[in-house]
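See below for work.txt, which holds compact mmCIF, C-alpha atoms and all ligand atoms.
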```txt
# COMPACT_ATOMS: atom_id res chain seq x y z
CA MET N 232 -183.24 3.33 67.44
CA SER N 233 -179.63 4.47 67.59
CA THR N 234 -178.52 6.67 70.51
CA LEU N 235 -177.50 9.34 68.00
CA LYS N 236 -180.98 9.39 66.49
CA GLN N 237 -182.56 9.52 69.95
CA LYS N 238 -180.32 12.47 70.86
CA TYR N 239 -181.27 14.25 67.64
CA ILE N 240 -185.03 13.80 68.28
CA LYS N 241 -184.65 14.98 71.89
CA LYS N 242 -182.82 18.10 70.74
CA ARG N 243 -185.48 18.88 68.11
CA LEU N 244 -188.25 18.49 70.67
CA HIS N 245 -186.41 20.80 73.05
CA LEU N 246 -185.98 23.40 70.30
CA GLN N 247 -189.67 23.15 69.43
CA ILE N 248 -190.65 23.77 73.05
CA VAL N 249 -188.30 26.78 73.31
CA PHE N 250 -189.66 28.12 70.01
CA LYS N 251 -193.25 27.69 71.20
CA GLU N 252 -192.50 29.65 74.37
CA VAL N 253 -191.09 32.54 72.34
CA VAL N 254 -194.11 32.56 70.03
CA PHE N 255 -196.62 32.46 72.86
CA VAL N 256 -194.99 35.15 75.00
CA ASN N 257 -194.84 37.76 72.22
CA LYS N 258 -198.09 39.17 70.98
CA LYS N 259 -198.56 41.14 67.82
CA ILE N 260 -200.50 44.32 68.48
CA VAL N 261 -201.93 46.72 65.94
CA ILE N 262 -203.09 50.17 67.03
CA LEU N 263 -205.59 51.97 64.84
CA ASN N 264 -205.22 55.56 66.01
CA GLY N 265 -208.13 57.69 64.87
CA SER N 266 -206.89 61.00 66.28
CA PRO N 267 -205.82 63.67 63.81
CA ARG N 268 -203.44 65.05 66.46
CA LYS N 269 -200.23 63.05 66.44
CA ARG N 270 -199.07 64.73 69.65
CA GLY N 271 -202.54 64.88 71.17
CA ASN N 272 -204.12 63.17 74.12
CA THR N 273 -205.10 59.91 72.40
CA SER N 274 -201.58 59.57 71.05
CA ALA N 275 -200.13 60.20 74.52
CA LEU N 276 -202.21 57.26 75.75
CA THR N 277 -201.19 55.00 72.86
CA SER N 278 -197.52 55.94 73.41
CA ALA N 279 -197.73 55.00 77.09
CA PHE N 280 -199.49 51.76 76.18
CA THR N 281 -196.89 50.98 73.49
CA LYS N 282 -194.00 51.62 75.89
CA GLY N 283 -195.43 49.09 78.32
CA ALA N 284 -196.30 46.55 75.65
CA ILE N 285 -192.83 46.69 74.10
CA GLU N 286 -191.14 46.44 77.51
CA ALA N 287 -193.20 43.28 78.05
CA GLY N 288 -191.75 41.82 74.84
CA ASN N 289 -194.62 42.43 72.45
CA GLN N 290 -194.55 43.79 68.94
CA VAL N 291 -196.57 46.95 68.23
CA THR N 292 -197.53 48.61 64.95
CA GLU N 293 -199.44 51.88 65.14
CA PHE N 294 -201.28 53.41 62.21
CA PHE N 295 -202.12 57.13 62.28
CA LEU N 296 -205.22 56.92 60.16
CA TYR N 297 -205.47 60.67 59.56
CA ASP N 298 -202.22 60.55 57.53
CA MET N 299 -203.47 57.73 55.36
CA ASN N 300 -205.57 57.62 52.23
CA ILE N 301 -208.53 55.52 53.38
CA LYS N 302 -211.83 55.81 51.60
CA GLY N 303 -215.19 54.93 53.11
CA CYS N 304 -216.67 51.48 52.57
CA LYS N 305 -218.73 51.28 49.37
CA GLY N 306 -221.01 48.59 50.78
CA CYS N 307 -220.61 46.62 47.55
CA PHE N 308 -220.12 43.21 49.22
CA GLY N 309 -217.62 42.56 46.45
CA GLY N 310 -214.50 42.04 48.56
CA GLY N 311 -212.67 38.97 49.81
CA ARG N 312 -211.66 37.55 46.45
CA ASN N 313 -207.97 38.16 47.00
CA CYS N 314 -207.22 37.85 50.70
CA ASP N 315 -203.88 39.68 50.36
CA SER N 316 -205.70 42.77 49.10
CA PRO N 317 -209.29 41.94 50.00
CA CYS N 318 -211.10 45.21 49.24
CA VAL N 319 -212.19 46.32 45.77
CA GLN N 320 -210.91 49.82 46.66
CA LYS N 321 -207.15 50.08 46.43
CA ASP N 322 -205.78 52.56 48.95
CA ASP N 323 -203.76 52.63 52.17
CA MET N 324 -205.93 49.94 53.75
CA ASP N 325 -203.63 47.57 51.90
CA ARG N 326 -200.92 48.59 54.41
CA ILE N 327 -203.21 47.74 57.32
CA TYR N 328 -204.69 44.43 56.10
CA PRO N 329 -201.56 42.24 56.42
CA ILE N 330 -200.68 43.62 59.86
CA TYR N 331 -204.28 43.29 61.04
CA LYS N 332 -204.47 39.70 59.81
CA GLU N 333 -201.34 38.77 61.81
CA ALA N 334 -202.30 40.73 64.92
CA ASP N 335 -203.39 39.03 68.14
CA ILE N 336 -204.64 42.28 69.62
CA VAL N 337 -206.35 45.26 67.97
CA VAL N 338 -206.26 48.57 69.83
CA LEU N 339 -209.01 50.97 68.84
CA ALA N 340 -207.81 54.45 69.80
CA SER N 341 -209.78 57.64 69.28
CA PRO N 342 -210.69 61.02 70.67
CA LEU N 343 -214.34 61.28 71.67
CA TYR N 344 -216.10 63.14 68.86
CA TYR N 345 -219.78 63.89 69.44
CA TRP N 346 -220.11 60.99 71.90
CA THR N 347 -218.50 58.43 69.65
CA ILE N 348 -215.27 57.46 67.92
CA SER N 349 -213.74 59.68 65.23
CA GLY N 350 -214.68 59.29 61.58
CA GLN N 351 -211.12 58.22 60.78
CA LEU N 352 -211.36 55.19 63.06
CA LYS N 353 -214.90 54.25 61.98
CA THR N 354 -213.96 54.50 58.30
CA ALA N 355 -210.94 52.23 58.72
CA PHE N 356 -212.87 49.79 60.88
CA ASP N 357 -215.68 49.44 58.33
CA ARG N 358 -213.09 48.61 55.69
CA LEU N 359 -211.88 45.64 57.79
CA PHE N 360 -215.10 44.00 56.66
CA ALA N 361 -213.23 43.08 53.47
CA ILE N 362 -211.18 40.62 55.56
CA ALA N 363 -214.38 39.05 56.91
CA GLU N 364 -215.46 38.69 53.29
CA CYS N 365 -212.59 36.21 52.81
CA ASP N 366 -214.62 33.87 55.02
CA PRO N 367 -217.66 32.26 53.36
CA ASN N 368 -219.77 33.10 56.43
CA TYR N 369 -218.36 36.61 56.85
CA HIS N 370 -216.71 35.65 60.12
CA ASN N 371 -214.22 38.20 61.36
CA PRO N 372 -210.87 36.80 62.48
CA LYS N 373 -210.86 36.21 66.24
CA LYS N 374 -208.86 38.85 68.10
CA SER N 375 -208.45 40.42 71.49
CA SER N 376 -208.96 44.14 71.66
CA ILE N 377 -208.52 47.29 73.72
CA LEU N 378 -210.32 50.63 73.65
CA ILE N 379 -208.35 53.82 74.26
CA MET N 380 -210.07 57.22 74.24
CA ALA N 381 -209.56 60.82 75.28
CA ALA N 382 -212.21 63.53 75.74
CA GLU N 383 -212.90 66.96 77.12
CA GLY N 384 -215.80 65.62 79.17
CA TYR N 385 -216.52 62.18 80.55
CA GLY N 386 -219.35 60.96 78.32
CA PHE N 387 -217.91 57.67 77.16
CA GLU N 388 -221.12 55.63 77.63
CA GLU N 389 -222.16 55.60 73.97
CA SER N 390 -218.66 54.62 72.80
CA GLU N 391 -218.44 51.89 75.40
CA TYR N 392 -221.85 50.61 74.33
CA TRP N 393 -220.71 50.52 70.69
CA TYR N 394 -217.45 48.79 71.60
CA ASP N 395 -219.10 46.20 73.87
CA ARG N 396 -221.73 45.40 71.23
CA LEU N 397 -219.04 45.11 68.59
CA GLU N 398 -217.06 42.68 70.75
CA GLN N 399 -220.14 40.53 71.33
CA HIS N 400 -221.10 40.57 67.70
CA ILE N 401 -217.74 39.67 66.18
CA GLY N 402 -216.63 37.45 69.05
CA TRP N 403 -213.64 39.44 70.20
CA LYS N 404 -212.34 39.49 73.77
CA SER N 405 -211.73 42.85 75.39
CA LEU N 406 -208.52 43.12 77.42
CA GLY N 407 -209.44 46.52 78.81
CA LYS N 408 -210.36 50.14 78.24
CA VAL N 409 -208.48 53.33 79.05
CA LEU N 410 -210.90 56.26 78.92
CA CYS N 411 -209.39 59.60 79.82
CA GLY N 412 -211.80 62.47 80.38
CA GLY N 413 -211.02 66.09 81.30
CA VAL N 414 -208.49 66.67 78.51
CA MET N 415 -209.12 69.15 75.72
CA ALA N 416 -205.95 70.78 74.38
CA VAL N 417 -202.78 69.05 73.30
CA GLY N 418 -200.70 68.49 76.44
CA ASP N 419 -203.66 68.55 78.87
CA ILE N 420 -203.01 64.89 79.58
CA GLU N 421 -199.55 65.48 81.01
CA GLY N 422 -199.26 63.92 84.47
CA ASN N 423 -202.70 62.28 84.19
CA ASP N 424 -203.09 58.94 86.01
CA LYS N 425 -204.63 57.41 82.86
CA LEU N 426 -201.17 57.44 81.25
CA GLU N 427 -200.02 55.07 83.97
CA ASP N 428 -203.14 52.94 83.40
CA ALA N 429 -202.32 52.74 79.67
CA TYR N 430 -198.70 51.85 80.42
CA LYS N 431 -199.72 49.15 82.90
CA LEU N 432 -202.23 47.69 80.45
CA GLY N 433 -199.37 47.48 77.95
CA THR N 434 -197.08 45.71 80.41
CA SER N 435 -199.87 43.24 81.27
CA ILE N 436 -199.86 41.78 77.77
C1 LIG R 501 -215.20 67.47 66.29
C2 LIG R 501 -214.98 67.32 67.77
C3 LIG R 501 -215.98 66.75 68.54
C4 LIG R 501 -215.80 66.57 69.91
N1 LIG R 501 -216.79 66.00 70.64
C5 LIG R 501 -216.61 65.81 71.98
C6 LIG R 501 -217.62 65.19 72.76
O1 LIG R 501 -218.67 64.80 72.29
N2 LIG R 501 -217.40 65.05 74.08
C7 LIG R 501 -216.23 65.48 74.68
O2 LIG R 501 -216.10 65.32 75.88
N3 LIG R 501 -215.24 66.02 73.95
C8 LIG R 501 -215.40 66.21 72.62
N4 LIG R 501 -214.39 66.78 71.86
C9 LIG R 501 -213.10 67.11 72.51
C10 LIG R 501 -212.03 66.03 72.28
O3 LIG R 501 -212.51 64.74 72.57
C11 LIG R 501 -210.80 66.32 73.13
O4 LIG R 501 -210.24 67.54 72.74
C12 LIG R 501 -209.76 65.23 73.07
O5 LIG R 501 -208.79 65.45 74.07
C13 LIG R 501 -209.08 65.19 71.72
O6 LIG R 501 -208.15 64.14 71.66
P1 LIG R 501 -206.82 64.26 70.78
O7 LIG R 501 -205.88 65.17 71.52
O8 LIG R 501 -206.33 62.88 70.65
O9 LIG R 501 -207.21 64.84 69.46
C14 LIG R 501 -214.57 66.99 70.50
C15 LIG R 501 -213.58 67.58 69.71
C16 LIG R 501 -213.78 67.75 68.35
C17 LIG R 501 -212.68 68.36 67.51
```
Is it possible to express this structure as structure tokens?
Amino acid sequence: MSTLKQKYIKKRLHLQIVFKEVVFVNKKIVILNGSPRKRGNTSALTSAFTKGAIEAGNQVTEFFLYDMNIKGCKGCFGGGRNCDSPCVQKDDMDRIYPIYKEADIVVLASPLYYWTISGQLKTAFDRLFAIAECDPNYHNPKKSSILIMAAEGYGFEESEYWYDRLEQHIGWKSLGKVLCGGVMAVGDIEGNDKLEDAYKLGTSI
């Protein structure tokens, strides 16, 4: 082999290694924010998390589900035929699907509503089933995930149970939870230590 060719191959290999490093360091994160209050406590937590995650070189896309037109799942089992737009219902889920498919990490963010996640988050999450329908065995794409919640009280047990069961069932890996109790009105969360926890979780990615 000529020296020139050897040099060319060496350079390509080097470039590939550099490229791989870049790809592996940066994670794609999608936040599904189920709070109707854009300046509320859940959003304060997701903002702190996002700040940390971006500082650590990751890419974050947040969807405020309340602002979006997302219908409830019809339970028709008719999705998955076109994996670019997998659901039979055509609405704003088509904005989420491509980002969700690419994401390494899914952040489920919600206020605590009657001891569980908000309807907005549950509705959007059910509709992700259409992506699983692209797989012949209904396997969900493998992701890591995070749970972020805010509440007036501290009764997160039921939501944690749901989240942990979900992770087990669909084979996702949880990277952490930030559960902030004691916050009711918009702004109550100001100065709360959980904001720092959310930020640190972001920087850890
Ligand atoms: C419909 C509804 C149900 C709620 N249910 C609970 C609850 O079960 N437990 C609780 O501690 N707080 C409950 N809250 C209070 C919210 O979780 C709390 O105000 C939270 O900080 C809201 O987050 P946000 O600012 O992101 O909207 C409820 C609030 C609403 C509007």
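For the residues N:Ser390, N:Asn371, N:Ser316, N:Gln399, ranking by smallest atom-to-atom distance to ligand LIG 501 (chain R) using all atoms listed in the file places N:Ser390 first.
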Q: Counting only C-alpha atoms and all ligand atoms, name the residues that have an atom within 12 Å of an atom of ligand LIG 501 (chain R); the answer should be given as number ranges by chain.
A: N: 264-278, 295, 297, 340-352, 379-390, 410-421
(Q) Using all atoms listed in the file, list the residues that have an atom at most 9 Å from (-210.9, 33.3, 52.3), coordinates as in the file, as a VMD selection string. (A) chain N and resid 311 to 314 362 to 367
Q: Give me the residues within 6 Å of N:Val338 as a PyMOL selection string, counting all atoms listed in the file and dropping any in the same chain fewer than 4 places off.
A: chain N and resi 262+376-378
Q) atom CA of N:Leu397 and atom CA of N:Thr292 are how many Å apart? A) 22.1 Å
Q: Using atom CA of N:Val261 and atom CA of N:Asp322 as the two end points, give the distance in Å to one decimal.
A: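 One can read the atom CA of N:Val261 to atom CA of N:Asp322 distance as 18.4 Å.
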Q: Record the distance separating atom CA of N:Asp298 and atom CA of N:Phe280, expressed in Å with one decimal.
A: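 Between these atoms lies a distance of 20.8 Å.
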Q) In terms of the shortest atom-to-atom distance over only C-alpha atoms, which of N:Phe294, N:Phe360, N:Trp403, N:Tyr331 is closest to N:Gly306? A)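 Ranking N:Phe294, N:Phe360, N:Trp403, N:Tyr331 by distance to N:Gly306, first place goes to N:Phe360.
Restricting the calculation to all atoms listed in the file, the smallest distance between N:Lys431 and any of N:Pro372, N:Pro329, N:Gly303, N:Gly283 is found for N:Gly283.
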Q: Select, from N:Tyr430, N:Tyr392, N:Tyr369, N:Phe356, the residue with the minimum atom-to-atom distance to N:Leu296, counting only C-alpha atoms.
A: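 Nearest to N:Leu296: N:Phe356.
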**Q.** Using only C-alpha atoms: which of N:Asn257, N:Tyr394, N:Glu286, N:Ala279 has the shortest distance to N:Thr434
**A.** N:Glu286
Do a neighbour search on N:Ala284 at 9 Å with all atoms listed in the file, toss out local chain neighbours closer than 6 positions, and write the hits as a PDB file with C-alpha atoms, keeping the file's coordinate frame.
```pdb
ATOM      1  CA  LYS N 258    -198.090  39.170  70.980  1.00  0.00           C
ATOM      2  CA  ILE N 260    -200.500  44.320  68.480  1.00  0.00           C
ATOM      3  CA  GLN N 290    -194.550  43.790  68.940  1.00  0.00           C
ATOM      4  CA  VAL N 291    -196.570  46.950  68.230  1.00  0.00           C
ATOM      5  CA  TYR N 430    -198.700  51.850  80.420  1.00  0.00           C
ATOM      6  CA  LYS N 431    -199.720  49.150  82.900  1.00  0.00           C
ATOM      7  CA  LEU N 432    -202.230  47.690  80.450  1.00  0.00           C
ATOM      8  CA  GLY N 433    -199.370  47.480  77.950  1.00  0.00           C
ATOM      9  CA  THR N 434    -197.080  45.710  80.410  1.00  0.00           C
ATOM     10  CA  SER N 435    -199.870  43.240  81.270  1.00  0.00           C
ATOM     11  CA  ILE N 436    -199.860  41.780  77.770  1.00  0.00           C
TER      12      ILE N 436
END
```
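The residue that comes closest to N:Thr281, out of N:Ile330, N:Ile336, N:Ile301, N:Ala429 and on the basis of all atoms listed in the file, is N:Ala429.
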Selection as a PDB file with C-alpha atoms, in the frame of the given file: residues within 6 Å of (-213.1, 47.3, 53.0), counting only C-alpha atoms:
```pdb
ATOM      1  CA  CYS N 304    -216.670  51.480  52.570  1.00  0.00           C
ATOM      2  CA  CYS N 318    -211.100  45.210  49.240  1.00  0.00           C
ATOM      3  CA  ARG N 358    -213.090  48.610  55.690  1.00  0.00           C
ATOM      4  CA  LEU N 359    -211.880  45.640  57.790  1.00  0.00           C
ATOM      5  CA  PHE N 360    -215.100  44.000  56.660  1.00  0.00           C
ATOM      6  CA  ALA N 361    -213.230  43.080  53.470  1.00  0.00           C
TER       7      ALA N 361
END
```
